[in-house]
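Report on the structure given below.
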Amino acid sequence: MDRNEILKLENYFRRRFNVPAISVRQRPQKDDSAELYIDDEFIGVIYRDDEDGDLSFNFTMAILDIDLE
């Protein structure tokens, strides 16, 4: 994932969720994904999918049961 895509995703998430503290960070030694943070808290992973010439991004977030209490 290049820097331009990361900036576009960061702007998208900030607008969509109205949270200016969201940041998208490049993953070390990975070029097909990035990490989503709010402040310094890791939230999930964004994967780049460009199969068949159709570009999309998939966001994955794990929610622990202890976080629901």
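Please note that chains go A, B, ... in the order of the structure tokens, that every chain numbers its residues from 1, and that ligands are numbered from 1 in the order shown.
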
Pick out the residues sitting within 6 Å of segment 38-45 of chain A, and hand them over as a short mmCIF file (atom, residue, chain, number, x, y, z; two decimals) with C-alpha atoms, in the first residue's frame; count only C-alpha atoms, and ignore anything fewer than 5 positions along from it in its own chain.
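Dumped everything to result28.cif:
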```
data_model
loop_
_atom_site.label_atom_id
_atom_site.label_comp_id
_atom_site.auth_asym_id
_atom_site.auth_seq_id
_atom_site.Cartn_x
_atom_site.Cartn_y
_atom_site.Cartn_z
CA ALA A 21 -7.53 11.13 15.99
CA ILE A 22 -7.67 8.24 13.50
CA PHE A 59 -11.13 -3.53 7.15
CA THR A 60 -10.84 -6.22 9.84
CA MET A 61 -11.36 -5.48 13.53
#
```

Could you name the residues that touch segment 53-58 of chain A at 9 Å or less, counting only C-alpha atoms, but leaving out those on the same chain fewer than 6 positions away, as a compact mmCIF listing (two decimals) with C-alpha atoms, in the first residue's frame?
```
# COMPACT_ATOMS: atom_id res chain seq x y z
CA LEU A 9 -7.89 5.83 3.66
CA SER A 33 -2.09 -3.83 4.22
CA VAL A 45 -6.03 -3.96 9.79
CA ILE A 46 -6.95 -2.66 6.33
CA TYR A 47 -6.15 -5.04 3.47
```

In Å and to one decimal, atom CA of Asp67 of chain A is distant from atom CA of Lys8 of chain A by 29.1 Å

Test item, helix (DSSP H, G or I) assignment across chain A, answer as a ChimeraX atom specification: /A:3-17,51-53,65-68

Saved selection, atoms kept: N, CA and C atoms, as a PDB file, in the first residue's frame:
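As written to disk, part_27.pdb reads:
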```
ATOM      1  N   ARG A   3       1.887   5.432   0.029  1.00  0.00           N
ATOM      2  CA  ARG A   3       1.577   6.562   0.924  1.00  0.00           C
ATOM      3  C   ARG A   3       0.303   7.288   0.491  1.00  0.00           C
ATOM      4  N   ASN A   4       0.070   7.427  -0.799  1.00  0.00           N
ATOM      5  CA  ASN A   4      -1.125   8.093  -1.309  1.00  0.00           C
ATOM      6  C   ASN A   4      -2.394   7.339  -0.895  1.00  0.00           C
ATOM      7  N   GLU A   5      -2.376   6.019  -1.011  1.00  0.00           N
ATOM      8  CA  GLU A   5      -3.521   5.205  -0.600  1.00  0.00           C
ATOM      9  C   GLU A   5      -3.750   5.322   0.910  1.00  0.00           C
ATOM     10  N   ILE A   6      -2.676   5.316   1.672  1.00  0.00           N
ATOM     11  CA  ILE A   6      -2.784   5.435   3.130  1.00  0.00           C
ATOM     12  C   ILE A   6      -3.423   6.760   3.512  1.00  0.00           C
ATOM     13  N   LEU A   7      -3.017   7.846   2.868  1.00  0.00           N
ATOM     14  CA  LEU A   7      -3.605   9.159   3.158  1.00  0.00           C
ATOM     15  C   LEU A   7      -5.083   9.210   2.784  1.00  0.00           C
ATOM     16  N   LYS A   8      -5.443   8.626   1.648  1.00  0.00           N
ATOM     17  CA  LYS A   8      -6.851   8.585   1.238  1.00  0.00           C
ATOM     18  C   LYS A   8      -7.688   7.790   2.236  1.00  0.00           C
ATOM     19  N   LEU A   9      -7.173   6.647   2.676  1.00  0.00           N
ATOM     20  CA  LEU A   9      -7.887   5.834   3.657  1.00  0.00           C
ATOM     21  C   LEU A   9      -8.029   6.562   4.993  1.00  0.00           C
ATOM     22  N   GLU A  10      -6.967   7.211   5.413  1.00  0.00           N
ATOM     23  CA  GLU A  10      -7.004   7.968   6.665  1.00  0.00           C
ATOM     24  C   GLU A  10      -8.074   9.057   6.608  1.00  0.00           C
ATOM     25  N   ASN A  11      -8.104   9.800   5.525  1.00  0.00           N
ATOM     26  CA  ASN A  11      -9.125  10.840   5.357  1.00  0.00           C
ATOM     27  C   ASN A  11     -10.525  10.249   5.316  1.00  0.00           C
ATOM     28  N   TYR A  12     -10.680   9.117   4.650  1.00  0.00           N
ATOM     29  CA  TYR A  12     -11.977   8.453   4.574  1.00  0.00           C
ATOM     30  C   TYR A  12     -12.473   8.064   5.973  1.00  0.00           C
ATOM     31  N   PHE A  13     -11.635   7.381   6.748  1.00  0.00           N
ATOM     32  CA  PHE A  13     -12.034   6.946   8.086  1.00  0.00           C
ATOM     33  C   PHE A  13     -12.311   8.134   9.005  1.00  0.00           C
ATOM     34  N   ARG A  14     -11.507   9.185   8.917  1.00  0.00           N
ATOM     35  CA  ARG A  14     -11.735  10.370   9.754  1.00  0.00           C
ATOM     36  C   ARG A  14     -13.093  11.003   9.444  1.00  0.00           C
ATOM     37  N   ARG A  15     -13.432  11.119   8.157  1.00  0.00           N
ATOM     38  CA  ARG A  15     -14.725  11.695   7.761  1.00  0.00           C
ATOM     39  C   ARG A  15     -15.873  10.769   8.125  1.00  0.00           C
ATOM     40  N   ARG A  16     -15.736   9.484   7.821  1.00  0.00           N
ATOM     41  CA  ARG A  16     -16.812   8.510   8.024  1.00  0.00           C
ATOM     42  C   ARG A  16     -17.209   8.410   9.494  1.00  0.00           C
ATOM     43  N   PHE A  17     -16.220   8.366  10.387  1.00  0.00           N
ATOM     44  CA  PHE A  17     -16.495   8.182  11.806  1.00  0.00           C
ATOM     45  C   PHE A  17     -16.389   9.479  12.613  1.00  0.00           C
ATOM     46  N   GLU A  51      -7.740  -7.822  -6.959  1.00  0.00           N
ATOM     47  CA  GLU A  51      -7.977  -8.946  -7.853  1.00  0.00           C
ATOM     48  C   GLU A  51      -8.854  -8.531  -9.021  1.00  0.00           C
ATOM     49  N   ASP A  52      -8.586  -9.095 -10.158  1.00  0.00           N
ATOM     50  CA  ASP A  52      -9.382  -8.873 -11.376  1.00  0.00           C
ATOM     51  C   ASP A  52      -9.482  -7.403 -11.776  1.00  0.00           C
ATOM     52  N   GLY A  53      -8.510  -6.591 -11.364  1.00  0.00           N
ATOM     53  CA  GLY A  53      -8.499  -5.189 -11.752  1.00  0.00           C
ATOM     54  C   GLY A  53      -9.446  -4.297 -10.981  1.00  0.00           C
ATOM     55  N   ASP A  65     -14.469 -10.285  23.942  1.00  0.00           N
ATOM     56  CA  ASP A  65     -15.678 -10.279  24.758  1.00  0.00           C
ATOM     57  C   ASP A  65     -15.523  -9.422  26.014  1.00  0.00           C
ATOM     58  N   ILE A  66     -14.301  -9.311  26.546  1.00  0.00           N
ATOM     59  CA  ILE A  66     -14.089  -8.482  27.739  1.00  0.00           C
ATOM     60  C   ILE A  66     -14.273  -6.997  27.424  1.00  0.00           C
ATOM     61  N   ASP A  67     -14.106  -6.627  26.154  1.00  0.00           N
ATOM     62  CA  ASP A  67     -14.316  -5.230  25.755  1.00  0.00           C
ATOM     63  C   ASP A  67     -15.783  -4.852  25.698  1.00  0.00           C
ATOM     64  N   LEU A  68     -16.663  -5.843  25.680  1.00  0.00           N
ATOM     65  CA  LEU A  68     -18.102  -5.582  25.578  1.00  0.00           C
ATOM     66  C   LEU A  68     -18.746  -5.338  26.937  1.00  0.00           C
TER      67      LEU A  68
END
```

Just asking: which residues within chain A are strand (DSSP E) according to DSSP, as an MDAnalysis selection string? chainID A and resid 22:26 33:38 41:49 56:60

Those selected residues, please, written with C-alpha atoms and delivered as a PDB file, in the first residue's frame.
```pdb
ATOM      1  CA  ILE A  22      -7.667   8.237  13.504  1.00  0.00           C
ATOM      2  CA  SER A  23      -4.410   7.402  11.766  1.00  0.00           C
ATOM      3  CA  VAL A  24      -3.544   4.779   9.175  1.00  0.00           C
ATOM      4  CA  ARG A  25      -0.006   3.470   9.435  1.00  0.00           C
ATOM      5  CA  GLN A  26       2.048   1.387   7.082  1.00  0.00           C
ATOM      6  CA  SER A  33      -2.092  -3.829   4.219  1.00  0.00           C
ATOM      7  CA  ALA A  34      -1.985  -1.039   6.786  1.00  0.00           C
ATOM      8  CA  GLU A  35      -3.007  -0.608  10.428  1.00  0.00           C
ATOM      9  CA  LEU A  36      -5.742   1.648  11.799  1.00  0.00           C
ATOM     10  CA  TYR A  37      -5.200   3.463  15.106  1.00  0.00           C
ATOM     11  CA  ILE A  38      -7.177   5.877  17.241  1.00  0.00           C
ATOM     12  CA  GLU A  41      -4.603   2.317  20.298  1.00  0.00           C
ATOM     13  CA  PHE A  42      -4.506  -0.331  17.580  1.00  0.00           C
ATOM     14  CA  ILE A  43      -8.009  -0.849  16.135  1.00  0.00           C
ATOM     15  CA  GLY A  44      -7.616  -3.128  13.121  1.00  0.00           C
ATOM     16  CA  VAL A  45      -6.026  -3.959   9.788  1.00  0.00           C
ATOM     17  CA  ILE A  46      -6.945  -2.660   6.333  1.00  0.00           C
ATOM     18  CA  TYR A  47      -6.155  -5.037   3.475  1.00  0.00           C
ATOM     19  CA  ARG A  48      -5.700  -3.961  -0.152  1.00  0.00           C
ATOM     20  CA  ASP A  49      -7.486  -6.219  -2.664  1.00  0.00           C
ATOM     21  CA  SER A  56     -11.052  -2.412  -2.888  1.00  0.00           C
ATOM     22  CA  PHE A  57     -10.001  -2.249   0.737  1.00  0.00           C
ATOM     23  CA  ASN A  58     -11.177  -4.586   3.495  1.00  0.00           C
ATOM     24  CA  PHE A  59     -11.133  -3.527   7.146  1.00  0.00           C
ATOM     25  CA  THR A  60     -10.837  -6.216   9.840  1.00  0.00           C
TER      26      THR A  60
END
```
